[in-house]
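Peer 1: For reference, the file input-v1.txt (compact mmCIF, C-alpha atoms) is included below:
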# COMPACT_ATOMS: atom_id res chain seq x y z
CA MET A 7 58.79 -94.44 -74.54
CA ASN A 8 60.03 -92.15 -71.79
CA LEU A 9 58.12 -91.24 -68.64
CA LYS A 10 57.29 -87.71 -69.76
CA LEU A 11 55.68 -88.88 -72.99
CA LYS A 12 53.89 -91.75 -71.28
CA ALA A 13 52.37 -89.39 -68.70
CA LEU A 14 51.34 -87.05 -71.52
CA THR A 15 49.50 -89.80 -73.38
CA LYS A 16 47.76 -90.84 -70.16
CA SER A 17 46.56 -87.35 -69.27
CA ILE A 18 45.40 -85.20 -72.18
CA TRP A 19 43.82 -81.89 -71.25
CA VAL A 20 41.99 -80.38 -74.18
CA PHE A 21 41.20 -76.76 -74.93
CA HIS A 22 38.44 -75.81 -77.27
CA ALA A 23 39.68 -73.32 -79.90
CA ALA A 24 36.62 -72.45 -81.96
CA CYS A 25 37.59 -70.49 -85.09
CA SER A 26 34.15 -69.27 -86.15
CA PRO A 27 32.65 -72.71 -86.71
CA CYS A 28 28.95 -73.39 -87.39
CA ASN A 29 28.91 -75.06 -83.91
CA ASN A 30 28.13 -78.54 -85.20
CA CYS A 31 31.64 -79.80 -84.55
CA ASP A 32 31.62 -78.15 -81.10
CA ILE A 33 28.45 -79.99 -80.20
CA GLU A 34 30.01 -83.27 -81.31
CA ILE A 35 33.09 -82.50 -79.18
CA LEU A 36 30.84 -81.85 -76.20
CA ASP A 37 29.15 -85.19 -76.91
CA VAL A 38 32.53 -86.89 -76.56
CA LEU A 39 32.92 -85.33 -73.12
CA THR A 40 29.49 -86.42 -71.88
CA PRO A 41 28.95 -89.47 -69.64
CA ARG A 42 27.92 -91.63 -72.62
CA TYR A 43 31.46 -91.69 -74.04
CA ASP A 44 33.24 -90.75 -70.77
CA VAL A 45 36.71 -89.89 -72.03
CA GLU A 46 37.85 -89.19 -68.45
CA ARG A 47 38.52 -92.96 -68.44
CA PHE A 48 41.60 -92.11 -70.52
CA GLY A 49 42.46 -88.99 -68.55
CA ILE A 50 41.01 -86.59 -71.14
CA GLN A 51 39.58 -83.46 -69.57
CA LEU A 52 38.37 -80.09 -70.81
CA VAL A 53 40.32 -77.20 -69.27
CA GLY A 54 39.45 -73.52 -69.04
CA SER A 55 42.85 -71.91 -69.60
CA VAL A 56 45.00 -72.48 -72.68
CA ARG A 57 48.07 -72.48 -70.41
CA HIS A 58 46.90 -75.83 -69.02
CA ALA A 59 46.15 -77.41 -72.40
CA ASP A 60 47.92 -80.34 -74.04
CA VAL A 61 45.72 -80.43 -77.12
CA LEU A 62 43.99 -77.61 -78.97
CA LEU A 63 40.81 -78.75 -80.69
CA VAL A 64 40.39 -76.41 -83.65
CA THR A 65 36.99 -76.22 -85.31
CA GLY A 66 35.82 -74.02 -88.17
CA VAL A 67 37.50 -72.02 -90.90
CA PRO A 68 40.07 -69.53 -89.65
CA ASN A 69 39.26 -66.18 -91.23
CA ARG A 70 40.90 -62.76 -91.09
CA LYS A 71 39.80 -62.25 -87.48
CA THR A 72 40.26 -65.70 -85.95
CA ALA A 73 43.53 -66.66 -87.71
CA GLU A 74 45.55 -64.22 -85.57
CA ARG A 75 43.75 -65.40 -82.45
CA LEU A 76 44.50 -69.02 -83.25
CA LYS A 77 48.15 -68.21 -83.72
CA ALA A 78 48.24 -66.30 -80.42
CA LEU A 79 46.46 -69.15 -78.62
CA TYR A 80 49.03 -71.66 -79.87
CA ALA A 81 51.85 -69.36 -78.77
CA GLN A 82 50.29 -69.06 -75.29
CA ALA A 83 50.00 -72.81 -74.74
CA ALA A 84 52.68 -74.59 -72.75
CA LYS A 85 54.63 -76.94 -75.02
CA PRO A 86 54.39 -79.81 -75.85
CA CYS A 87 50.98 -78.85 -77.22
CA LEU A 88 49.34 -80.66 -80.12
CA VAL A 89 46.71 -79.32 -82.48
CA VAL A 90 43.84 -81.47 -83.73
CA ALA A 91 41.75 -80.11 -86.59
CA ILE A 92 38.17 -81.27 -86.07
CA GLY A 93 35.82 -81.31 -89.05
CA GLN A 94 36.00 -80.63 -92.76
CA CYS A 95 36.41 -76.85 -92.38
CA ALA A 96 39.42 -77.02 -90.10
CA GLY A 97 40.85 -79.76 -92.32
CA GLY A 98 41.10 -77.58 -95.40
CA GLY A 99 38.51 -74.84 -95.66
CA CYS A 100 35.89 -77.02 -97.31
CA MET A 101 33.40 -74.95 -99.34
CA PHE A 102 34.53 -71.67 -97.80
CA THR A 103 37.80 -71.44 -99.77
CA PRO A 104 36.36 -68.99 -102.37
CA SER A 105 35.00 -66.75 -99.58
CA TYR A 106 36.24 -63.13 -99.32
CA ASN A 107 37.08 -63.69 -95.66
CA TYR A 108 39.12 -66.88 -96.09
CA ILE A 109 42.90 -66.57 -95.94
CA LYS A 110 44.61 -69.93 -95.42
CA PRO A 111 43.96 -73.41 -93.96
CA VAL A 112 44.61 -74.19 -90.29
CA ASP A 113 47.80 -76.18 -90.95
CA GLU A 114 49.51 -73.15 -92.49
CA ILE A 115 48.81 -71.13 -89.33
CA VAL A 116 49.74 -73.67 -86.65
CA PRO A 117 51.29 -77.17 -86.96
CA VAL A 118 48.46 -79.72 -87.02
CA ALA A 119 49.09 -83.18 -85.55
CA ALA A 120 45.86 -84.89 -86.58
CA TYR A 121 42.85 -84.29 -88.81
CA VAL A 122 39.39 -85.64 -88.06
CA PRO A 123 37.29 -85.23 -91.22
CA GLY A 124 33.51 -85.16 -91.23
CA CYS A 125 30.76 -82.57 -91.30
CA PRO A 126 30.45 -82.90 -88.36
CA PRO A 127 32.58 -85.93 -87.36
CA LYS A 128 30.82 -88.43 -85.11
CA PRO A 129 32.03 -88.74 -81.50
CA GLU A 130 33.40 -92.18 -82.41
CA ALA A 131 35.46 -90.60 -85.19
CA ILE A 132 36.87 -87.99 -82.79
CA ILE A 133 37.84 -90.68 -80.27
CA MET A 134 39.46 -92.69 -83.10
CA GLY A 135 41.43 -89.63 -84.18
CA VAL A 136 42.69 -89.06 -80.65
CA VAL A 137 43.65 -92.75 -80.26
CA LYS A 138 45.59 -92.66 -83.55
CA LEU A 139 47.33 -89.47 -82.41
CA LEU A 140 48.33 -91.07 -79.09
CA LYS A 141 49.63 -94.18 -80.91
CA SER A 142 51.71 -92.04 -83.23
CA LEU A 143 53.14 -90.22 -80.17
CA GLY A 144 54.32 -93.54 -78.75
CA LYS A 145 56.45 -94.26 -81.85
CA MET B 25 66.30 -84.91 -37.41
CA LYS B 26 63.21 -86.78 -36.28
CA ASP B 27 61.05 -83.72 -36.90
CA LEU B 28 62.44 -83.54 -40.42
CA PHE B 29 61.45 -87.16 -40.96
CA TYR B 30 57.95 -86.41 -39.65
CA TYR B 31 57.64 -83.40 -41.91
CA LEU B 32 59.10 -84.83 -45.09
CA ILE B 33 58.31 -88.54 -45.04
CA PHE B 34 55.88 -90.28 -42.78
CA PRO B 35 52.91 -88.26 -41.77
CA GLY B 36 54.05 -85.21 -43.68
CA PHE B 37 54.90 -84.46 -47.27
CA LEU B 38 55.31 -87.89 -48.87
CA PHE B 39 52.56 -89.78 -47.03
CA THR B 40 50.07 -86.91 -47.19
CA GLY B 41 50.88 -86.38 -50.86
CA ALA B 42 50.26 -90.05 -51.63
CA LEU B 43 47.04 -90.09 -49.60
CA GLY B 44 45.98 -86.83 -51.27
CA ILE B 45 46.53 -88.36 -54.71
CA PHE B 46 44.36 -91.27 -53.62
CA ALA B 47 41.72 -88.92 -52.19
CA SER B 48 41.67 -86.96 -55.44
CA TRP B 49 41.11 -90.19 -57.38
CA PHE B 50 38.38 -91.12 -54.87
CA ASP B 51 36.74 -87.76 -55.48
CA ARG B 52 36.85 -88.15 -59.27
CA LYS B 53 35.71 -91.77 -59.17
CA ILE B 54 32.74 -91.04 -56.90
CA THR B 55 31.85 -88.07 -59.11
CA ALA B 56 31.97 -90.37 -62.15
CA ARG B 57 29.76 -92.95 -60.46
CA VAL B 58 27.27 -90.25 -59.45
CA GLN B 59 27.14 -89.18 -63.10
CA TRP B 60 26.74 -92.81 -64.21
CA ARG B 61 30.21 -92.96 -65.76
CA LYS B 62 33.11 -95.32 -65.29
CA GLY B 63 35.66 -92.77 -64.15
CA PRO B 64 39.45 -92.41 -64.33
CA PRO B 65 41.99 -95.11 -63.39
CA LEU B 66 43.55 -95.14 -59.90
CA LEU B 67 46.81 -93.46 -60.89
CA GLN B 68 45.16 -90.68 -62.93
CA PRO B 69 46.02 -87.79 -60.54
CA LEU B 70 49.63 -89.04 -60.46
CA TYR B 71 49.78 -89.10 -64.29
CA ASP B 72 48.46 -85.55 -64.31
CA LEU B 73 51.17 -84.43 -61.87
CA ILE B 74 54.00 -86.13 -63.80
CA LYS B 75 52.75 -84.71 -67.09
CA LEU B 76 52.57 -81.20 -65.62
CA LEU B 77 56.10 -81.51 -64.24
CA GLY B 78 57.34 -82.35 -67.75
CA LYS B 79 55.68 -79.39 -69.43
CA GLU B 80 56.98 -75.96 -70.27
CA LEU B 81 56.89 -73.27 -67.57
CA ILE B 82 55.64 -70.01 -69.05
CA LEU B 83 56.49 -66.80 -67.22
CA PRO B 84 54.02 -64.03 -68.14
CA ALA B 85 55.81 -60.91 -69.41
CA ASN B 86 54.31 -58.40 -66.96
CA SER B 87 54.28 -60.64 -63.92
CA SER B 88 56.12 -59.95 -60.70
CA LEU B 89 58.51 -62.84 -61.20
CA TRP B 90 59.67 -63.77 -57.70
CA THR B 91 56.21 -63.58 -56.18
CA PHE B 92 54.86 -65.62 -59.08
CA LEU B 93 57.45 -68.34 -58.52
CA VAL B 94 57.81 -68.43 -54.72
CA PHE B 95 54.25 -68.24 -53.39
CA PRO B 96 52.97 -71.53 -54.85
CA ILE B 97 55.76 -73.26 -52.94
CA VAL B 98 54.89 -71.37 -49.72
CA GLY B 99 51.35 -72.72 -49.99
CA LEU B 100 52.60 -76.27 -50.57
CA ALA B 101 54.96 -76.09 -47.58
CA ALA B 102 52.18 -74.72 -45.34
CA SER B 103 49.69 -77.40 -46.33
CA ALA B 104 52.28 -80.15 -45.75
CA LEU B 105 53.13 -78.68 -42.33
CA ALA B 106 49.46 -78.39 -41.35
CA SER B 107 48.74 -81.98 -42.28
CA SER B 108 51.82 -83.32 -40.49
CA ILE B 109 50.82 -81.50 -37.28
CA ILE B 110 47.31 -82.99 -37.52
CA TRP B 111 48.62 -86.51 -38.20
CA LEU B 112 51.09 -86.28 -35.29
CA ALA B 113 48.27 -85.24 -32.96
CA PHE B 114 46.47 -88.46 -33.88
CA LEU B 115 49.55 -90.66 -33.62
CA PHE B 116 51.03 -89.15 -30.43
CA PRO B 117 48.26 -87.14 -28.72
CA GLU B 118 50.37 -86.63 -25.57
CA LYS B 119 52.98 -84.71 -27.56
CA GLY B 120 52.28 -81.55 -29.50
CA PHE B 121 52.28 -78.02 -28.13
CA VAL B 122 49.72 -75.74 -26.50
CA GLY B 123 47.72 -73.86 -29.12
CA ASP B 124 48.48 -76.12 -32.07
CA VAL B 125 44.80 -75.95 -33.06
CA PHE B 126 45.26 -72.28 -33.89
CA VAL B 127 48.53 -72.94 -35.69
CA VAL B 128 46.76 -75.50 -37.87
CA ILE B 129 43.88 -73.11 -38.59
CA TYR B 130 46.35 -70.41 -39.66
CA LEU B 131 48.45 -72.82 -41.72
CA MET B 132 45.35 -74.03 -43.54
CA GLY B 133 44.61 -70.42 -44.45
CA LEU B 134 48.06 -70.00 -46.02
CA PRO B 135 47.45 -71.97 -49.27
CA ALA B 136 44.52 -69.65 -50.05
CA ILE B 137 46.63 -66.58 -49.29
CA SER B 138 49.51 -67.85 -51.40
CA LEU B 139 47.09 -68.50 -54.28
CA ILE B 140 45.79 -64.94 -53.93
CA VAL B 141 49.26 -63.38 -53.93
CA ALA B 142 50.59 -65.55 -56.76
CA SER B 143 47.62 -64.94 -59.01
CA PHE B 144 47.70 -61.19 -58.41
CA ALA B 145 51.38 -61.37 -59.35
CA SER B 146 50.55 -63.04 -62.66
CA ALA B 147 49.18 -59.75 -64.04
CA ASN B 148 46.11 -61.18 -65.73
CA PRO B 149 42.72 -59.49 -65.36
CA LEU B 150 40.87 -62.80 -65.03
CA ALA B 151 43.40 -63.97 -62.44
CA SER B 152 42.77 -60.80 -60.41
CA GLN B 153 39.06 -61.47 -60.67
CA GLY B 154 39.60 -65.00 -59.35
CA ALA B 155 41.95 -63.79 -56.62
CA SER B 156 39.52 -61.12 -55.41
CA ARG B 157 36.81 -63.77 -55.21
CA GLU B 158 39.18 -65.98 -53.23
CA ILE B 159 39.83 -63.10 -50.76
CA LYS B 160 36.10 -62.59 -50.24
CA LEU B 161 35.58 -66.30 -49.80
CA LEU B 162 38.44 -66.50 -47.29
CA LEU B 163 36.97 -63.59 -45.31
CA SER B 164 33.54 -65.19 -45.29
CA TYR B 165 34.33 -68.77 -44.27
CA GLU B 166 37.05 -68.17 -41.66
CA LEU B 167 34.70 -66.72 -39.00
CA PRO B 168 32.20 -69.62 -38.89
CA PHE B 169 35.07 -72.12 -39.20
CA ILE B 170 36.81 -70.73 -36.10
CA LEU B 171 33.48 -70.56 -34.23
CA ALA B 172 32.83 -74.22 -35.08
CA ALA B 173 36.29 -75.17 -33.80
CA LEU B 174 35.59 -73.09 -30.66
CA VAL B 175 32.64 -75.35 -29.79
CA VAL B 176 34.94 -78.33 -29.40
CA LEU B 177 37.56 -76.27 -27.57
CA ILE B 178 34.94 -75.14 -25.03
CA LYS B 179 33.75 -78.70 -24.50
CA ALA B 180 37.20 -80.19 -24.07
CA GLN B 181 38.64 -77.16 -22.19
CA SER B 182 41.87 -77.58 -24.14
CA ILE B 183 43.61 -75.77 -26.98
CA LYS B 184 45.79 -78.74 -27.91
CA LEU B 185 44.71 -80.96 -30.80
CA GLY B 186 45.98 -83.96 -28.85
CA GLY B 187 43.92 -82.80 -25.85
CA LEU B 188 40.77 -82.70 -27.98
CA ILE B 189 41.43 -86.22 -29.24
CA PHE B 190 42.03 -87.48 -25.67
CA TYR B 191 38.82 -85.79 -24.51
CA GLN B 192 36.88 -87.54 -27.26
CA ALA B 193 38.50 -90.88 -26.44
CA VAL B 194 37.20 -90.53 -22.85
CA ASN B 195 33.88 -88.66 -23.26
CA GLY B 196 32.63 -89.84 -26.65
CA LEU B 197 32.84 -88.18 -30.06
CA GLY B 198 32.61 -84.40 -30.43
CA ILE B 199 29.78 -84.82 -32.93
CA GLY B 200 27.74 -86.72 -30.33
CA SER B 201 26.30 -83.71 -28.53
CA PHE B 202 23.72 -81.29 -29.92
CA SER B 203 26.11 -78.35 -30.26
CA GLY B 204 28.82 -80.64 -31.70
CA ALA B 205 26.49 -81.86 -34.45
CA ILE B 206 25.62 -78.29 -35.47
CA ALA B 207 29.28 -77.28 -35.39
CA PHE B 208 30.18 -80.28 -37.57
CA ILE B 209 27.73 -79.18 -40.28
CA VAL B 210 29.13 -75.64 -40.14
CA ALA B 211 32.73 -76.87 -40.31
CA LEU B 212 31.92 -79.22 -43.19
CA LEU B 213 30.52 -76.34 -45.25
CA CYS B 214 33.55 -74.19 -44.39
CA SER B 215 35.98 -76.93 -45.35
CA GLN B 216 34.12 -77.28 -48.65
CA ALA B 217 34.88 -73.61 -49.31
CA LYS B 218 38.44 -74.01 -48.06
CA LEU B 219 39.00 -76.80 -50.59
CA GLY B 220 37.46 -74.69 -53.36
CA LEU B 221 35.01 -77.44 -54.30
CA VAL B 222 31.90 -76.92 -56.30
CA PRO B 223 29.34 -74.78 -54.61
CA PHE B 224 32.23 -72.51 -53.63
CA ASP B 225 34.62 -72.82 -56.59
CA MET B 226 33.97 -69.34 -57.93
CA ALA B 227 37.68 -68.47 -57.64
CA GLU B 228 38.54 -70.91 -60.42
CA ALA B 229 35.24 -71.01 -62.28
CA GLU B 230 36.56 -72.59 -65.48
CA THR B 231 33.40 -72.03 -67.51
CA GLU B 232 33.15 -68.41 -66.50
CA ILE B 233 36.57 -66.83 -65.87
CA MET B 234 38.70 -69.60 -67.47
CA ALA B 235 40.29 -71.19 -64.39
CA GLY B 236 40.43 -67.74 -62.74
CA ALA B 237 43.23 -67.58 -60.21
CA TYR B 238 45.11 -70.43 -61.92
CA ILE B 239 44.85 -69.04 -65.45
CA GLU B 240 48.51 -68.08 -65.96
CA PHE B 241 50.10 -71.06 -64.24
CA SER B 242 51.48 -73.76 -66.48
CA GLY B 243 53.66 -76.85 -66.14
CA PRO B 244 55.53 -77.37 -62.84
CA LEU B 245 53.88 -74.41 -61.04
CA LEU B 246 50.43 -75.80 -61.83
CA ALA B 247 51.66 -79.16 -60.55
CA VAL B 248 52.66 -77.46 -57.27
CA PHE B 249 49.17 -75.97 -56.98
CA ARG B 250 47.55 -79.32 -57.72
CA LEU B 251 49.71 -81.01 -55.09
CA THR B 252 48.72 -78.27 -52.61
CA LYS B 253 45.09 -79.04 -53.39
CA PHE B 254 45.68 -82.74 -52.82
CA MET B 255 47.38 -81.99 -49.49
CA MET B 256 44.50 -79.77 -48.44
CA LEU B 257 42.10 -82.53 -49.42
CA VAL B 258 43.87 -84.52 -46.70
CA ALA B 259 44.39 -81.74 -44.15
CA ALA B 260 40.94 -80.13 -44.04
CA PRO B 261 38.79 -83.30 -43.71
CA LEU B 262 41.34 -84.77 -41.30
CA PHE B 263 41.10 -81.65 -39.13
CA LEU B 264 37.33 -82.13 -39.05
CA VAL B 265 37.86 -85.74 -38.00
CA GLY B 266 40.21 -84.51 -35.25
CA LEU B 267 37.68 -81.99 -33.98
CA PHE B 268 34.50 -84.04 -34.19
CA LEU B 269 35.21 -87.74 -34.78
CA GLY B 270 38.62 -88.16 -33.19
CA ASN B 271 40.20 -91.36 -32.00
CA VAL B 272 43.76 -92.07 -30.87
CA ALA B 273 45.46 -93.84 -33.78
CA ALA B 274 48.06 -95.84 -31.89
CA GLY B 275 47.63 -99.37 -33.28
CA PRO B 276 47.06 -100.46 -36.88
CA GLY B 277 43.35 -101.12 -36.26
CA ALA B 278 42.80 -97.65 -34.81
CA PHE B 279 44.78 -96.14 -37.67
CA LEU B 280 42.57 -97.95 -40.20
CA LEU B 281 39.48 -96.68 -38.37
CA LEU B 282 40.89 -93.15 -38.61
CA ILE B 283 41.43 -93.53 -42.37
CA LEU B 284 37.85 -94.83 -42.76
CA LYS B 285 36.48 -91.84 -40.83
CA TYR B 286 38.57 -89.53 -43.01
CA LEU B 287 37.24 -91.16 -46.19
CA ALA B 288 33.67 -90.83 -44.87
CA VAL B 289 34.16 -87.07 -44.45
CA VAL B 290 35.68 -86.86 -47.95
CA LEU B 291 32.68 -88.79 -49.29
CA LEU B 292 30.29 -86.27 -47.70
CA THR B 293 32.30 -83.43 -49.28
CA VAL B 294 32.20 -85.11 -52.71
CA LEU B 295 28.46 -85.66 -52.48
CA ILE B 296 27.89 -82.00 -51.59
CA ARG B 297 30.08 -81.07 -54.57
CA ASN B 298 28.07 -83.24 -56.93
CA THR B 299 24.62 -82.13 -55.90
CA ASN B 300 25.05 -78.37 -55.93
CA PRO B 301 25.60 -75.76 -58.63
CA ARG B 302 28.20 -73.01 -58.27
CA LEU B 303 27.11 -70.02 -56.20
CA ARG B 304 27.94 -66.43 -57.05
CA ILE B 305 30.45 -64.81 -54.70
CA ASP B 306 27.84 -62.49 -53.16
CA GLN B 307 25.53 -65.45 -52.52
CA ALA B 308 28.41 -67.33 -50.87
CA MET B 309 29.25 -64.35 -48.61
CA LYS B 310 25.60 -63.93 -47.62
CA PHE B 311 25.42 -67.66 -46.96
CA PHE B 312 28.49 -67.75 -44.71
CA TRP B 313 27.96 -64.49 -42.86
CA GLY B 314 24.22 -65.07 -42.50
CA PRO B 315 22.83 -68.53 -41.71
CA VAL B 316 26.15 -70.35 -41.25
CA THR B 317 27.62 -67.85 -38.77
CA LEU B 318 24.29 -67.72 -36.95
CA LEU B 319 24.26 -71.51 -36.71
CA ALA B 320 27.85 -71.48 -35.43
CA ALA B 321 26.96 -68.84 -32.81
CA VAL B 322 24.02 -70.97 -31.66
CA ALA B 323 26.36 -73.95 -31.38
CA VAL B 324 28.85 -71.94 -29.30
CA THR B 325 26.07 -70.74 -26.98
CA LEU B 326 24.79 -74.27 -26.54
CA ALA B 327 28.32 -75.47 -25.83
CA LEU B 328 28.73 -72.77 -23.14
CA PHE B 329 25.58 -74.15 -21.46
CA GLY B 330 27.01 -77.64 -21.72
CA LYS B 331 24.59 -79.07 -24.28
Would you put the structure from the file into structure tokens?

Peer 2:
Amino acid sequence: MNLKLKALTKSIWVFHAACSPCNNCDIEILDVLTPRYDVERFGIQLVGSVRHADVLLVTGVPNRKTAERLKALYAQAAKPCLVVAIGQCAGGGCMFTPSYNYIKPVDEIVPVAAYVPGCPPKPEAIIMGVVKLLKSLGK
Amino acid sequence: MKDLFYYLIFPGFLFTGALGIFASWFDRKITARVQWRKGPPLLQPLYDLIKLLGKELILPANSSLWTFLVFPIVGLAASALASSIIWLAFLFPEKGFVGDVFVVIYLMGLPAISLIVASFASANPLASQGASREIKLLLSYELPFILAALVVLIKAQSIKLGGLIFYQAVNGLGIGSFSGAIAFIVALLCSQAKLGLVPFDMAEAETEIMAGAYIEFSGPLLAVFRLTKFMMLVAAPLFLVGLFLGNVAAGPGAFLLLILKYLAVVLLTVLIRNTNPRLRIDQAMKFFWGPVTLLAAVAVTLALFGK
């Protein structure tokens, strides 16, 4: 594992890309960042600007409005930037696939590195997803 | 040749950078403990820097390219120079030049100015918002900061940093007198604003204007800004130590004492940062131009009467 990759796995700055979610997943993400789980132990921090982000946390179903925004956000992020789809909706549209406003799942808009299923996923599940992602980066 | 060594290696760039990385970890660890968390590992700020250096550098399409690229480095060079002048005044107080206190004050203003220019150059509305807040903040804290420094200059009758440290070695600490104690409080608040830490971090309010002045900077340029911040986290508290708590750092014991005093000032700064919410820019200006400047003026008057 080279130095660049090692430093990346030790210092993940996440950006919250909410694609019209119901907010449940967002609340669970915020739970991960609270003192109870304290992910700053692993160097994970929430950043304000997408230019600083290493990981985009996508929640919700991308619809006609947010799909373009998600694509633009991914284009604005400095690479290497990974996308993690949090929750059932971001994983594949869930029950919203027949909706008039639904176009396509997240992974057809931007490349997704990891999926964390659940409605909403527990904080433990989100941490597990991130750990699995970091392990797969090391290989 | 020797000056280059001073600037680049021992008290300057390399040493200050390493100490700044440590101070940044100290800040984050204390913050974590205050919030009842465990906190990041010791090398976390270094990992952040290395990661940022390995990331892509994005140049915004409408930016003024040269300004965008050059000014972060100007700020870094200025903060390294300021901290090496301060360190040298501690190590060799008999050397130095007349008026180096003012040079240090100006050099410590340069990182803020370079941030302002670079973020205006990045052609982002939120960056301009952050930069204009930084200008207002700079205008508001500089006056009380200089007044607070003036108190010590009046007492020691010297405008050399080394002279101030000698004076304190003979006549007791600058903070010991009534006017010195008031001036220390004023200077501590101003250095908090200079470092852009929480009650005065409206220029990069990440929950409000999305990292503000830093919004367009990515990869290596962001790493340069972070390193500048680390250097300033050394320079500004160390300058306060020089003005108010100075001792000649000739032997290893005295040097250790100096580092302990420095860490104590950083600890105070971190505790202020953790117990206050962010102010609005107008509140910060009122705060600095009102009570803080008044307090500094009182301190100067007291110093003129020898209190």

Peer 1: Contacts between chain A and chain B, please, where a residue of chain B counts if it comes within 10 Å (with all atoms listed in the file); show its shortest atom pair and distance in Å to one decimal, rows by chain and ascending number, as a tab-separated table.

Peer 2:
residue	atom	partner	partner_atom	distance
B:Arg52	CA	A:Glu46	CA	9.3
B:Lys53	CA	A:Arg47	CA	9.8
B:Ala56	CA	A:Pro41	CA	8.1
B:Arg57	CA	A:Pro41	CA	9.9
B:Gln59	CA	A:Pro41	CA	6.8
B:Trp60	CA	A:Pro41	CA	6.7
B:Arg61	CA	A:Pro41	CA	5.4
B:Lys62	CA	A:Arg47	CA	6.7
B:Gly63	CA	A:Arg47	CA	5.2
B:Pro64	CA	A:Arg47	CA	4.2
B:Pro65	CA	A:Arg47	CA	6.5
B:Leu67	CA	A:Lys16	CA	9.7
B:Gln68	CA	A:Gly49	CA	6.5
B:Pro69	CA	A:Ser17	CA	8.8
B:Leu70	CA	A:Ala13	CA	8.7
B:Tyr71	CA	A:Ala13	CA	5.1
B:Asp72	CA	A:Ser17	CA	5.6
B:Leu73	CA	A:Ala13	CA	8.5
B:Ile74	CA	A:Ala13	CA	6.1
B:Lys75	CA	A:Ala13	CA	5.0
B:Leu76	CA	A:Leu14	CA	8.4
B:Leu77	CA	A:Lys10	CA	8.4
B:Gly78	CA	A:Lys10	CA	5.7
B:Lys79	CA	A:Lys85	CA	6.2
B:Glu80	CA	A:Ala84	CA	5.1
B:Leu81	CA	A:Ala84	CA	6.8
B:Ile82	CA	A:Ala84	CA	6.6
B:Pro84	CA	A:Gln82	CA	9.5
B:Glu228	CA	A:Gly54	CA	9.1
B:Ala229	CA	A:Gly54	CA	8.3
B:Glu230	CA	A:Gly54	CA	4.7
B:Thr231	CA	A:Gly54	CA	6.4
B:Glu232	CA	A:Gly54	CA	8.5
B:Ile233	CA	A:Gly54	CA	7.9
B:Met234	CA	A:Gly54	CA	4.3
B:Ala235	CA	A:Gly54	CA	5.3
B:Gly236	CA	A:Ser55	CA	8.4
B:Tyr238	CA	A:Ser55	CA	8.1
B:Ile239	CA	A:Ser55	CA	5.4
B:Glu240	CA	A:Arg57	CA	6.3
B:Phe241	CA	A:Arg57	CA	6.6
B:Ser242	CA	A:Arg57	CA	5.4
B:Gly243	CA	A:Ala84	CA	7.1
B:Leu246	CA	A:His58	CA	8.0

Peer 1: Using only C-alpha atoms, list the residues that have an atom at most 12 Å from (33.2, -85.0, -93.5), coordinates as in the file, as an MDAnalysis selection string.

Peer 2: chainID A and resid 30:31 92:101 121:128 131:132

Peer 1: Would you work out the distance separating atom CA of B:Leu318 from atom CA of B:Lys218, expressed in Å to one decimal?

Peer 2: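 Result for atom CA of B:Leu318 versus atom CA of B:Lys218: 19.1 Å, one decimal.
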
Peer 1: For stretch 164-172 of chain B, please output as number ranges by chain all residues within 6 Å (counting only C-alpha atoms; exclusion window: fewer than 6 positions along the same chain).

Peer 2: B: 207, 211, 214, 309, 312, 317, 320

Peer 1: Hey, can you pull every residue with an atom no more than 9 Å from (48.6, -67.9, -54.6), using all atoms listed in the file, and send it as a list in words?

Peer 2: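 It turns out the residues near that spot are Thr91, Phe92, Phe95, Pro96, Val98, Gly99, Leu134, Pro135, Ala136, Ile137, Ser138, Leu139, Ile140, Val141, Ala142, Ser143, Phe144, Ala145, Ala155, Ala237, Tyr238 and Phe249 of chain B.
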
Peer 1: Which one is closest to A:Leu62: A:Val38, A:Val116, A:Leu139, A:Leu88? Count only C-alpha atoms.

Peer 2: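 Ranked by minimum distance to A:Leu62, first place goes to A:Leu88.
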
Peer 1: How many Å separate atom CA of B:Ala102 from atom CA of B:Met132?

Peer 2: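 Atom CA of B:Met132 lies 7.1 Å from atom CA of B:Ala102.
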
Peer 1: Could you work out how far atom CA of B:Gly220 lies from atom CA of B:Ile283, giving the answer in Å with one decimal?

Peer 2: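 These atoms are spaced 22.2 Å apart.
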
Peer 1: With all atoms listed in the file as the atoms that count, which of A:Ala119, A:Ala23, A:Lys110, A:Gln51 lies nearest to A:Leu76?

Peer 2: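 Result for the nearest residue to A:Leu76: A:Ala23.
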